[in-house]
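Chemist: query23.cif is reproduced below (mmCIF, C-alpha atoms).
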data_target
loop_
_atom_site.label_atom_id
_atom_site.label_comp_id
_atom_site.auth_asym_id
_atom_site.auth_seq_id
_atom_site.Cartn_x
_atom_site.Cartn_y
_atom_site.Cartn_z
CA MET L 1 75.58 237.62 93.16
CA SER L 2 72.17 236.37 94.28
CA ASN L 3 71.08 232.75 94.46
CA PHE L 4 67.56 233.96 93.64
CA GLY L 5 66.18 233.89 90.10
CA ILE L 6 64.63 236.98 88.51
CA ASP L 7 61.05 235.96 89.34
CA GLU L 8 62.01 235.18 92.94
CA GLN L 9 63.74 238.53 93.33
CA LEU L 10 60.74 240.37 91.90
CA GLU L 11 58.39 238.58 94.27
CA ILE L 12 60.56 239.51 97.26
CA ILE L 13 60.95 243.13 96.11
CA GLU L 14 57.24 243.59 95.35
CA SER L 15 56.16 242.15 98.73
CA GLY L 16 54.77 245.00 100.82
CA ALA L 17 55.73 247.67 98.25
CA GLU L 18 53.17 250.35 97.43
CA GLN L 19 54.36 251.28 93.91
CA ILE L 20 57.20 250.33 91.57
CA VAL L 21 57.54 252.78 88.65
CA PRO L 22 57.98 251.25 86.11
CA LEU L 23 57.91 247.57 87.08
CA ALA L 24 58.88 246.37 83.58
CA ASP L 25 62.11 248.38 83.71
CA LEU L 26 63.00 246.85 87.08
CA ARG L 27 62.83 243.39 85.51
CA LYS L 28 65.16 244.55 82.72
CA LYS L 29 67.65 245.92 85.24
CA LEU L 30 67.57 242.67 87.22
CA GLU L 31 68.08 240.60 84.08
CA ARG L 32 71.03 242.72 83.03
CA SER L 33 72.49 242.55 86.54
CA GLN L 34 72.24 238.78 86.58
CA ALA L 35 73.80 238.48 83.13
CA SER L 36 76.72 240.80 83.91
CA GLY L 37 77.25 239.85 87.55
CA ALA L 38 77.17 243.55 88.50
CA PRO L 39 74.85 244.30 91.45
CA LEU L 40 72.23 247.04 91.16
CA ARG L 41 72.73 250.23 93.17
CA ILE L 42 69.76 250.74 95.49
CA LYS L 43 69.46 254.24 96.94
CA LEU L 44 67.81 255.52 100.09
CA GLY L 45 68.33 259.13 101.10
CA VAL L 46 67.54 260.13 104.67
CA ASP L 47 67.64 263.56 106.27
CA PRO L 48 68.65 263.02 109.92
CA THR L 49 65.96 265.30 111.38
CA ALA L 50 65.57 263.30 114.62
CA PRO L 51 67.99 261.19 116.64
CA ASP L 52 65.85 258.11 117.26
CA LEU L 53 64.12 255.80 114.81
CA HIS L 54 60.96 253.73 115.17
CA LEU L 55 59.56 250.75 113.27
CA GLY L 56 57.99 253.09 110.71
CA HIS L 57 61.42 254.47 109.81
CA ALA L 58 62.70 250.89 109.56
CA VAL L 59 60.23 249.90 106.80
CA PRO L 60 62.39 251.11 103.87
CA LEU L 61 65.52 249.83 105.67
CA ARG L 62 63.99 246.33 105.78
CA LYS L 63 63.28 246.54 102.04
CA LEU L 64 66.90 247.61 101.47
CA ARG L 65 68.02 244.53 103.41
CA GLN L 66 65.94 242.37 101.07
CA PHE L 67 67.75 243.90 98.10
CA GLN L 68 71.05 243.11 99.84
CA ASP L 69 69.96 239.52 100.42
CA CYS L 70 69.25 239.36 96.67
CA GLY L 71 72.88 240.35 96.05
CA HIS L 72 72.59 244.08 95.38
CA THR L 73 74.42 247.10 96.81
CA VAL L 74 72.65 249.61 99.03
CA VAL L 75 73.74 253.24 98.87
CA LEU L 76 72.57 254.91 102.08
CA ILE L 77 72.79 258.68 101.66
CA ILE L 78 72.83 260.81 104.79
CA GLY L 79 71.27 264.10 103.74
CA ASP L 80 73.54 266.32 105.78
CA PHE L 81 73.20 269.01 103.09
CA THR L 82 69.48 268.62 102.26
CA ALA L 83 68.60 268.58 105.98
CA LEU L 84 69.76 272.20 106.02
CA ILE L 85 66.96 272.94 103.52
CA GLY L 86 64.22 270.83 105.08
CA ASP L 87 62.11 268.35 103.12
CA PRO L 88 58.71 269.95 102.36
CA SER L 89 57.03 266.56 101.76
CA GLY L 90 53.65 266.47 103.48
CA ARG L 91 54.21 269.82 105.15
CA SER L 92 51.63 272.59 105.35
CA VAL L 93 54.27 275.08 106.49
CA THR L 94 57.97 275.58 105.85
CA ARG L 95 60.04 273.07 107.83
CA PRO L 96 62.53 274.83 110.11
CA PRO L 97 66.09 274.03 108.99
CA LEU L 98 68.46 272.21 111.34
CA THR L 99 71.88 273.44 112.36
CA PRO L 100 74.93 271.51 111.10
CA GLU L 101 75.60 270.40 114.70
CA GLU L 102 72.07 268.96 115.06
CA VAL L 103 72.39 267.17 111.72
CA ALA L 104 75.75 265.64 112.66
CA ALA L 105 74.50 264.40 116.05
CA ASN L 106 71.31 262.93 114.56
CA ALA L 107 73.22 261.30 111.71
CA GLU L 108 75.51 259.47 114.12
CA THR L 109 72.65 257.79 115.96
CA TYR L 110 70.70 257.16 112.73
CA ILE L 111 73.62 255.26 111.19
CA GLU L 112 74.10 253.20 114.35
CA GLN L 113 70.43 252.18 114.34
CA ALA L 114 70.28 251.60 110.55
CA PHE L 115 73.10 249.06 110.78
CA LYS L 116 70.96 246.98 113.12
CA ILE L 117 69.08 246.13 109.91
CA LEU L 118 71.47 246.63 106.99
CA ASP L 119 74.48 244.47 106.15
CA PRO L 120 77.48 246.84 106.46
CA GLU L 121 79.44 244.72 103.97
CA LYS L 122 76.88 245.46 101.27
CA THR L 123 76.23 249.10 102.20
CA GLU L 124 77.88 252.17 100.70
CA LEU L 125 77.50 255.05 103.16
CA ARG L 126 77.60 258.52 101.62
CA HIS L 127 76.80 262.13 102.65
CA ASN L 128 75.21 264.34 100.01
CA SER L 129 77.33 267.29 101.09
CA GLU L 130 80.09 265.50 99.12
CA TRP L 131 78.57 266.64 95.83
CA LEU L 132 76.04 269.32 96.78
CA SER L 133 78.35 271.59 98.79
CA PRO L 134 80.87 272.11 95.93
CA LEU L 135 78.16 273.14 93.43
CA GLY L 136 78.49 276.73 92.21
CA PHE L 137 75.74 279.05 91.02
CA ALA L 138 76.37 278.08 87.39
CA ASP L 139 75.95 274.39 88.36
CA LEU L 140 72.70 275.18 90.15
CA LEU L 141 71.37 277.03 87.08
CA LYS L 142 72.22 274.03 84.92
CA ILE L 143 70.26 271.67 87.19
CA THR L 144 67.24 273.96 87.60
CA SER L 145 67.05 274.52 83.82
CA LYS L 146 66.00 270.87 83.47
CA PHE L 147 62.78 271.45 85.48
CA THR L 148 59.82 273.75 84.89
CA VAL L 149 57.99 275.74 87.55
CA ALA L 150 54.75 274.04 86.51
CA ARG L 151 56.34 270.62 87.08
CA ILE L 152 57.61 271.48 90.55
CA ILE L 153 54.36 273.00 91.83
CA GLU L 154 52.48 269.88 90.73
CA ARG L 155 53.48 268.47 94.11
CA ASP L 156 50.38 267.94 96.23
CA ASP L 157 51.78 269.81 99.22
CA PHE L 158 52.88 272.82 97.11
CA ASP L 159 49.60 272.89 95.21
CA LYS L 160 47.60 272.76 98.44
CA ARG L 161 49.62 275.53 100.07
CA LEU L 162 49.21 277.75 97.00
CA LYS L 163 45.44 277.24 97.02
CA GLU L 164 45.32 278.03 100.74
CA GLN L 165 47.54 281.09 100.15
CA LYS L 166 50.18 279.76 102.51
CA PRO L 167 53.77 280.84 101.81
CA ILE L 168 56.28 278.60 100.03
CA SER L 169 59.90 279.58 100.42
CA LEU L 170 61.98 279.52 97.25
CA HIS L 171 64.53 277.15 98.77
CA GLU L 172 61.78 274.54 99.25
CA LEU L 173 61.32 274.40 95.47
CA LEU L 174 64.97 273.39 95.19
CA TYR L 175 64.62 270.39 97.52
CA PRO L 176 63.29 267.89 94.93
CA MET L 177 66.08 268.95 92.55
CA ALA L 178 68.73 268.42 95.24
CA GLN L 179 67.37 264.94 96.01
CA ALA L 180 67.23 264.20 92.27
CA TYR L 181 70.88 265.25 91.89
CA ASP L 182 71.79 262.71 94.58
CA SER L 183 70.59 260.00 92.19
CA VAL L 184 72.73 261.41 89.38
CA ALA L 185 75.78 261.62 91.63
CA ILE L 186 75.66 257.98 92.80
CA GLU L 187 74.17 256.55 89.55
CA ALA L 188 71.20 254.93 91.25
CA ASP L 189 69.34 252.02 89.67
CA VAL L 190 66.49 252.06 92.20
CA GLU L 191 65.46 254.66 94.78
CA LEU L 192 63.26 253.88 97.79
CA GLY L 193 61.00 256.20 99.74
CA GLY L 194 57.67 256.45 101.51
CA THR L 195 54.47 257.09 99.60
CA ASP L 196 54.91 260.80 100.36
CA GLN L 197 58.24 260.72 98.48
CA LEU L 198 56.96 259.64 95.06
CA PHE L 199 57.28 263.12 93.52
CA ASN L 200 60.92 263.41 94.61
CA LEU L 201 61.72 259.90 93.34
CA LEU L 202 60.19 260.67 89.95
CA ALA L 203 62.15 263.95 89.84
CA GLY L 204 65.26 261.79 90.14
CA ARG L 205 64.16 259.72 87.15
CA GLU L 206 63.56 262.90 85.17
CA LEU L 207 66.92 264.50 85.97
CA MET L 208 68.84 261.29 85.23
CA GLU L 209 67.13 260.93 81.86
CA LYS L 210 67.78 264.58 80.95
CA SER L 211 71.41 264.09 82.00
CA GLY L 212 71.82 261.26 79.49
CA MET L 213 71.65 258.48 82.10
CA GLU L 214 69.41 255.46 82.41
CA PRO L 215 66.67 256.58 84.84
CA GLN L 216 66.23 254.99 88.22
CA ILE L 217 63.23 252.92 89.28
CA ALA L 218 61.01 254.58 91.90
CA LEU L 219 59.87 252.21 94.67
CA THR L 220 57.59 253.47 97.42
CA MET L 221 56.76 251.74 100.69
CA PRO L 222 53.55 252.29 102.67
CA LEU L 223 53.55 254.22 105.92
CA LEU L 224 53.33 251.84 108.89
CA VAL L 225 50.21 252.34 111.01
CA GLY L 226 51.01 252.93 114.67
CA THR L 227 50.00 250.92 117.72
CA ASP L 228 46.71 252.83 117.93
CA GLY L 229 45.60 251.23 114.65
CA VAL L 230 44.57 254.59 113.21
CA GLN L 231 47.37 257.08 112.57
CA LYS L 232 50.71 256.52 110.87
CA MET L 233 53.43 255.60 113.38
CA SER L 234 54.81 258.82 114.86
CA LYS L 235 56.28 260.04 118.11
CA SER L 236 53.93 263.00 117.98
CA TYR L 237 50.95 260.59 118.08
CA GLN L 238 52.52 258.55 120.91
CA ASN L 239 51.81 255.36 118.90
CA TYR L 240 55.34 254.31 118.04
CA VAL L 241 57.66 251.39 118.76
CA GLY L 242 61.16 252.85 119.01
CA LEU L 243 64.21 250.94 117.82
CA THR L 244 65.94 252.02 121.03
CA ASP L 245 63.02 251.09 123.32
CA ASP L 246 64.12 248.57 125.93
CA PRO L 247 63.17 244.99 124.96
CA ALA L 248 60.34 244.61 127.47
CA ASP L 249 58.76 247.91 126.40
CA MET L 250 59.13 246.99 122.72
CA PHE L 251 57.49 243.59 123.35
CA GLY L 252 54.60 245.16 125.25
CA LYS L 253 53.97 247.82 122.59
CA VAL L 254 53.82 245.22 119.81
CA MET L 255 51.39 243.16 121.89
CA SER L 256 49.11 246.21 122.07
CA ILE L 257 48.55 246.56 118.30
CA PRO L 258 45.12 245.64 116.88
CA ASP L 259 44.93 242.12 115.42
CA GLU L 260 44.18 243.41 111.93
CA LEU L 261 47.60 245.07 111.74
CA MET L 262 49.52 241.83 112.19
CA PRO L 263 49.83 240.92 108.47
CA SER L 264 51.29 244.33 107.59
CA TYR L 265 53.67 244.22 110.58
CA PHE L 266 54.92 240.77 109.56
CA ARG L 267 55.50 242.04 106.00
CA LEU L 268 57.00 245.42 106.85
CA ALA L 269 58.66 245.04 110.24
CA THR L 270 60.08 241.49 110.43
CA ALA L 271 62.61 239.36 108.57
CA GLU L 272 60.19 236.46 108.04
CA SER L 273 60.46 234.80 104.63
CA LEU L 274 57.83 235.57 102.02
CA GLY L 275 56.57 231.97 102.15
CA GLU L 276 56.18 232.14 105.92
CA ILE L 277 54.30 235.44 105.71
CA LYS L 278 51.88 233.96 103.18
CA ALA L 279 51.29 231.01 105.53
CA ILE L 280 50.64 233.41 108.42
CA GLU L 281 48.12 235.41 106.37
CA ALA L 282 46.36 232.20 105.28
CA GLY L 283 46.25 230.93 108.86
CA LEU L 284 44.71 234.15 110.10
CA ALA L 285 42.14 234.11 107.31
CA ASP L 286 40.98 230.52 107.88
CA GLY L 287 41.24 230.66 111.67
CA SER L 288 43.88 227.94 111.99
CA LEU L 289 46.28 230.35 113.72
CA HIS L 290 45.31 231.90 117.05
CA PRO L 291 45.71 235.71 116.92
CA GLY L 292 47.03 235.92 120.49
CA GLN L 293 49.77 233.34 119.90
CA LEU L 294 50.61 234.89 116.55
CA LYS L 295 51.00 238.33 118.12
CA ARG L 296 53.43 236.85 120.64
CA ARG L 297 55.42 235.46 117.73
CA LEU L 298 55.38 238.89 116.09
CA ALA L 299 56.60 240.56 119.28
CA ARG L 300 59.35 237.94 119.69
CA ASP L 301 60.38 238.41 116.05
CA ILE L 302 60.68 242.18 116.37
CA VAL L 303 62.48 242.19 119.72
CA GLY L 304 64.75 239.40 118.46
CA LEU L 305 65.74 241.44 115.41
CA TYR L 306 67.09 244.28 117.51
CA TYR L 307 68.16 242.59 120.75
CA GLY L 308 68.51 238.86 120.05
CA ILE L 309 66.53 235.70 120.79
CA GLU L 310 67.43 235.60 124.49
CA ALA L 311 66.19 239.15 125.09
CA ALA L 312 62.95 238.32 123.23
CA ALA L 313 62.33 235.34 125.54
CA GLU L 314 63.06 237.41 128.66
CA SER L 315 60.71 240.15 127.42
CA GLU L 316 57.92 237.62 126.91
CA ALA L 317 58.45 236.27 130.43
CA ALA L 318 58.34 239.80 131.85
CA PHE L 319 55.15 240.47 129.89
CA ASP L 320 53.54 237.36 131.41
CA ARG L 321 54.56 238.36 134.94
CA ILE L 322 52.93 241.74 134.57
CA PHE L 323 49.85 240.99 132.49
CA LYS L 324 48.98 237.37 133.26
CA GLN L 325 50.22 237.06 136.85
CA HIS L 326 49.62 240.75 137.71
CA ALA L 327 53.09 240.96 139.23
CA MET L 328 55.42 243.94 139.08
CA PRO L 329 58.64 243.74 137.05
CA THR L 330 61.77 242.67 138.89
CA ASP L 331 64.02 245.37 137.43
CA ILE L 332 62.18 248.60 138.28
CA ALA L 333 64.29 251.72 137.89
CA GLU L 334 64.82 253.74 141.06
CA VAL L 335 65.20 257.47 141.58
CA THR L 336 66.20 259.42 144.68
CA ILE L 337 64.15 262.57 145.25
CA ASP L 338 64.88 265.54 147.48
CA TRP L 339 61.35 265.68 148.86
CA GLY L 340 61.89 269.05 150.54
CA SER L 341 62.89 270.92 147.39
CA ALA L 342 60.32 269.00 145.31
CA SER L 343 57.46 270.13 147.56
CA ASN L 344 55.39 273.26 146.95
CA ASP L 345 54.62 275.99 149.49
CA GLU L 346 51.98 273.75 151.09
CA GLY L 347 54.50 270.92 151.51
CA ARG L 348 52.88 268.79 148.80
CA ILE L 349 54.27 267.14 145.67
CA PHE L 350 52.73 268.14 142.34
CA LEU L 351 52.65 264.65 140.80
CA PRO L 352 52.16 265.65 137.11
CA ALA L 353 55.40 267.66 137.19
CA LEU L 354 57.22 264.73 138.86
CA MET L 355 55.96 262.34 136.18
CA ASN L 356 57.04 264.69 133.40
CA GLN L 357 60.47 265.27 134.98
CA HIS L 358 61.22 261.54 135.11
CA GLY L 359 59.93 260.58 131.66
CA LEU L 360 56.66 258.96 132.74
CA ALA L 361 54.63 261.50 130.74
CA SER L 362 55.52 263.83 127.89
CA SER L 363 54.06 266.85 129.68
CA SER L 364 52.25 267.81 132.87
CA GLY L 365 49.05 268.03 130.83
CA GLU L 366 49.41 264.45 129.65
CA ALA L 367 50.17 263.38 133.23
CA ARG L 368 46.93 264.97 134.47
CA ARG L 369 44.98 263.15 131.74
CA LEU L 370 46.58 259.84 132.74
CA ILE L 371 45.70 260.39 136.39
CA ASP L 372 42.11 261.36 135.56
CA GLY L 373 41.76 258.26 133.38
CA GLY L 374 42.88 255.89 136.14
CA GLY L 375 46.17 255.13 134.45
CA VAL L 376 48.44 256.04 137.37
CA LYS L 377 48.96 253.73 140.34
CA ILE L 378 50.95 253.86 143.57
CA ASP L 379 51.96 250.41 144.82
CA GLY L 380 49.28 248.93 142.59
CA GLU L 381 46.43 251.20 143.73
CA ALA L 382 44.95 253.53 141.11
CA LEU L 383 44.83 257.21 142.00
CA ALA L 384 41.48 258.94 141.98
CA ALA L 385 40.81 261.59 139.35
CA LYS L 386 42.25 265.04 140.14
CA SER L 387 44.79 263.56 142.57
CA TYR L 388 47.50 265.92 141.41
CA GLU L 389 48.97 267.04 144.77
CA LEU L 390 50.09 264.41 147.29
CA GLU L 391 51.86 264.37 150.62
CA PRO L 392 55.49 263.22 150.30
CA ALA L 393 54.70 260.36 152.69
CA ALA L 394 52.24 258.96 150.15
CA LEU L 395 55.08 258.60 147.64
CA GLN L 396 58.24 257.88 149.63
CA GLY L 397 59.49 254.33 149.04
CA LYS L 398 56.54 253.54 146.76
CA VAL L 399 56.38 252.26 143.18
CA LEU L 400 54.78 254.73 140.80
CA GLN L 401 53.18 252.97 137.81
CA VAL L 402 52.01 254.79 134.69
CA GLY L 403 50.03 252.79 132.17
CA LYS L 404 50.89 249.12 131.74
CA ARG L 405 54.63 249.29 131.22
CA LYS L 406 56.19 252.27 133.06
CA TYR L 407 57.38 251.83 136.63
CA LEU L 408 59.54 253.97 138.92
CA LYS L 409 60.59 253.36 142.53
CA LEU L 410 60.60 256.62 144.49
CA ASN L 411 63.25 256.84 147.21
#
Using structure tokens, write down the structure that the file contains.
Modeler:
Amino acid sequence: MSNFGIDEQLEIIESGAEQIVPLADLRKKLERSQASGAPLRIKLGVDPTAPDLHLGHAVPLRKLRQFQDCGHTVVLIIGDFTALIGDPSGRSVTRPPLTPEEVAANAETYIEQAFKILDPEKTELRHNSEWLSPLGFADLLKITSKFTVARIIERDDFDKRLKEQKPISLHELLYPMAQAYDSVAIEADVELGGTDQLFNLLAGRELMEKSGMEPQIALTMPLLVGTDGVQKMSKSYQNYVGLTDDPADMFGKVMSIPDELMPSYFRLATAESLGEIKAIEAGLADGSLHPGQLKRRLARDIVGLYYGIEAAAESEAAFDRIFKQHAMPTDIAEVTIDWGSASNDEGRIFLPALMNQHGLASSSGEARRLIDGGGVKIDGEALAAKSYELEPAALQGKVLQVGKRKYLKLN
């Protein structure tokens, strides 16, 4: 069991958390765990709806790791069954369900990335199809009889869609019950989720209590703000730091966050001790710590977590070469292009399509916006606005740079 006392565990668990419902019951569970020597069972359910994770997805995983460091057992539930329904949390329309093949492929990469954070020795990996697939219609009726329609449509997203006369599919109403049954099946002591998951977590408490079990504690974590400093971290907002980003790109993205986000990033995205985080916050507040140096430390911490200390140092050196010495990276990826087939009828290359094809822009439209904004360079020279079509000779053997961190040698 843990070397931490009850008060120390509570301080660690509360750090960065949005809500703990109810906090007094968590203390009781911790006291009983310490007295009996039996670890608490800490649940996180994830529907593998996308293959790659970013630092925002890692926030609850980092909190799970803190529970593990306090001596408790994490039960990571892969929602291979619930992903077929689609979580309606925060949705204004019905989420399209995934195919079993998509779920399986996404789950494989999710688990691989999650174990970059979690201790496998203290993690129980489960799939909710184990207990949800065998349920018959009579079982489903028994579960649904423990909830009222009024209770389910209290959810903010359901209530909003009803008021806006937007459709709600019947299967969406079953999602919170399915997630709640997960807690019953694995006998959870605590369940984690984002702030948008509070309703589902409380549904788990309700079903456990009505099933004659001690209800779980609901613990929500805030949504991590993205590198733009405005929106929550999301691939759709292009403001994310991916767990599979290469080290140099990860370092550069962290260095781009606004200074005011550093305290939350240290709390939610690093493995720094609570005492060290408090010292960092105090140093920022009184001016004794330089924000630029502190952000470098943050970037090293995050890269080091996923790639190791050596990769973090190399990423910082690469960052200095590019941004302080204005030099190009030494390991630029190269691509060989068939210039004849890539040319249009006028013998020119449509650069936005080329950028999109090779991952330098998410679409041709984004590529045009980058060019017009001066964010695209050839051998260090920025292209003029509207420079969409170029002669092959202007590109052959040149280095195409997009933004501050994307480079491609065109052969």
Chemist: For the structure shown, which residues end up in the PyMOL selection byres ((chain L and resi 278-290) around 10)? Put them as a short mmCIF file (atom, residue, chain, number, x, y, z; two decimals) with C-alpha atoms, keeping the file's coordinate frame, please?
Modeler:
data_model
loop_
_atom_site.label_atom_id
_atom_site.label_comp_id
_atom_site.auth_asym_id
_atom_site.auth_seq_id
_atom_site.Cartn_x
_atom_site.Cartn_y
_atom_site.Cartn_z
CA ASP L 259 44.93 242.12 115.42
CA GLU L 260 44.18 243.41 111.93
CA MET L 262 49.52 241.83 112.19
CA PRO L 263 49.83 240.92 108.47
CA SER L 264 51.29 244.33 107.59
CA PHE L 266 54.92 240.77 109.56
CA ARG L 267 55.50 242.04 106.00
CA GLU L 272 60.19 236.46 108.04
CA SER L 273 60.46 234.80 104.63
CA LEU L 274 57.83 235.57 102.02
CA GLY L 275 56.57 231.97 102.15
CA GLU L 276 56.18 232.14 105.92
CA ILE L 277 54.30 235.44 105.71
CA PRO L 291 45.71 235.71 116.92
CA GLY L 292 47.03 235.92 120.49
CA GLN L 293 49.77 233.34 119.90
CA LEU L 294 50.61 234.89 116.55
CA LYS L 295 51.00 238.33 118.12
#
Chemist: CA of Ala150 in chain L and CA of Pro176 in chain L, how far apart in Å?
Modeler: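 Computed distance, CA of Pro176 in chain L to CA of Ala150 in chain L, equals 13.5 Å.
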Chemist: Report as a ChimeraX atom specification the residues that result from applying the PyMOL selection byres ((chain L and resi 390-399) around 6) to the structure here.
Modeler: /L:348-349,378-379,389,400,408-411
Chemist: If you count all atoms listed in the file, which residues fall within 12 Å of Val230 in chain L, apart from same-chain ones fewer than 4 positions away, as a ChimeraX atom specification?
Modeler: /L:223-226,234,237-240,257-258,260-261
Chemist: Got a sec to resolve the PyMOL selection byres ((chain L and resi 101) around 12) on this structure and send the residues as a PyMOL selection string?
Modeler: chain L and resi 48-49+80-81+83-84+97-100+102-108
Chemist: Measuring atom to atom with all atoms listed in the file, identify which of L:Leu61, L:Tyr388, L:Glu381, L:Tyr306 is nearest to Gln401 in chain L.
Modeler: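 With all atoms listed in the file as the atom set, the closest residue is L:Glu381.
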Chemist: Could you tell me how far CA of Asp320 in chain L lies from CA of Gly380 in chain L, in Å and to one decimal?
Modeler: 16.6 Å
Chemist: Please identify all polymer residues within 8 Å of range 30-47 of chain L, counting only C-alpha atoms, omitting same-chain residues fewer than 3 positions from it, and present them as a list in words.
Modeler: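 Once the nearby chain positions are removed, what remains is Met1, Ile6, Leu26, Arg27, Pro60, Leu64, Phe67, Gly71, His72, Thr73, Val74, Val75, Leu76, Ile77, Ile78, Gly79, Asp80, Thr82, Ala83, Asp87, Gln179, Ser183, Glu187, Ala188, Asp189, Val190, Glu191, Leu192 and Gly193 of chain L.
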Chemist: If you measure from CA of Lys377 in chain L to CA of Arg405 in chain L, what distance in Å do you get, rounded to one decimal?
Modeler: 11.6 Å
Chemist: Ranking L:Ile322, L:Ala185, L:Met233, L:Leu55 by minimum distance to Met213 in chain L and counting all atoms listed in the file, which one comes first?
Modeler: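 Distance minimum relative to Met213 in chain L lands on L:Ala185.
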Chemist: Please list as a VMD selection string every residue within 10 Å of Asp246 in chain L, counting all atoms listed in the file and excluding residues in the same chain fewer than 2 positions away.
Modeler: chain L and resid 242 to 244 248 to 251 303 306 to 307 311 315
Chemist: Just give me the residues with any atom within 12 Å of (60.3, 240.4, 92.3), file coordinates, counting all atoms listed in the file, written as a list in words.
Modeler: Phe4, Gly5, Ile6, Asp7, Glu8, Gln9, Leu10, Glu11, Ile12, Ile13, Glu14, Ser15, Gly16, Ala17, Ile20, Leu23, Ala24, Asp25, Leu26, Arg27, Lys28, Lys29, Leu30, Glu31, Lys63, Gln66, Phe67, Cys70 and Leu274 of chain L
Chemist: Using the selection just defined, write its residues with C-alpha atoms as an mmCIF file, in the frame of the given file.
Modeler:
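The resulting file, selection-v9.cif, is reproduced below:
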data_model
loop_
_atom_site.group_PDB
_atom_site.id
_atom_site.type_symbol
_atom_site.label_atom_id
_atom_site.label_comp_id
_atom_site.auth_asym_id
_atom_site.auth_seq_id
_atom_site.Cartn_x
_atom_site.Cartn_y
_atom_site.Cartn_z
ATOM 1 C CA PHE L 4 67.560 233.960 93.640
ATOM 2 C CA GLY L 5 66.180 233.890 90.100
ATOM 3 C CA ILE L 6 64.630 236.980 88.510
ATOM 4 C CA ASP L 7 61.050 235.960 89.340
ATOM 5 C CA GLU L 8 62.010 235.180 92.940
ATOM 6 C CA GLN L 9 63.740 238.530 93.330
ATOM 7 C CA LEU L 10 60.740 240.370 91.900
ATOM 8 C CA GLU L 11 58.390 238.580 94.270
ATOM 9 C CA ILE L 12 60.560 239.510 97.260
ATOM 10 C CA ILE L 13 60.950 243.130 96.110
ATOM 11 C CA GLU L 14 57.240 243.590 95.350
ATOM 12 C CA SER L 15 56.160 242.150 98.730
ATOM 13 C CA GLY L 16 54.770 245.000 100.820
ATOM 14 C CA ALA L 17 55.730 247.670 98.250
ATOM 15 C CA ILE L 20 57.200 250.330 91.570
ATOM 16 C CA LEU L 23 57.910 247.570 87.080
ATOM 17 C CA ALA L 24 58.880 246.370 83.580
ATOM 18 C CA ASP L 25 62.110 248.380 83.710
ATOM 19 C CA LEU L 26 63.000 246.850 87.080
ATOM 20 C CA ARG L 27 62.830 243.390 85.510
ATOM 21 C CA LYS L 28 65.160 244.550 82.720
ATOM 22 C CA LYS L 29 67.650 245.920 85.240
ATOM 23 C CA LEU L 30 67.570 242.670 87.220
ATOM 24 C CA GLU L 31 68.080 240.600 84.080
ATOM 25 C CA LYS L 63 63.280 246.540 102.040
ATOM 26 C CA GLN L 66 65.940 242.370 101.070
ATOM 27 C CA PHE L 67 67.750 243.900 98.100
ATOM 28 C CA CYS L 70 69.250 239.360 96.670
ATOM 29 C CA LEU L 274 57.830 235.570 102.020
#
Chemist: Measuring between only C-alpha atoms, which one of L:Pro247, L:Pro120, L:Gly229, L:Pro51 shows the shortest distance to Glu310 in chain L?
Modeler: L:Pro247
Chemist: For range 134-142 of chain L, work out the shell of residues within 10 Å, counting only C-alpha atoms and skipping chain neighbours fewer than 4 positions away, then give it as a ChimeraX atom specification.
Modeler: /L:129-130,146-147,174,177-178
Chemist: Looking at L:Gly212, L:Gly56, L:Gly304, L:Pro352, which one is nearest to Gly365 in chain L, with distances taken over all atoms listed in the file?
Modeler: L:Pro352
Chemist: Quick one: of L:Lys235, L:Gly308, L:Ile152, L:Gly204, who's nearest to Ile168 in chain L, counting all atoms listed in the file?
Modeler: L:Ile152
Chemist: Which one of L:Glu112, L:Asp157, L:Glu316, L:Glu172 sits closest to Leu53 in chain L if you count only C-alpha atoms?
Modeler: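 Using only C-alpha atoms, the shortest distance to Leu53 in chain L belongs to L:Glu112.
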Chemist: As AutoDock Vina command-line options, what would the box around range 108-116 of chain L look like: edges along x, y and z, 6 Å added on every side, centre and edge lengths in Å to one decimal?
Modeler:
--center_x 72.9 --center_y 253.2 --center_z 113.3 --size_x 17.2 --size_y 24.5 --size_z 17.4
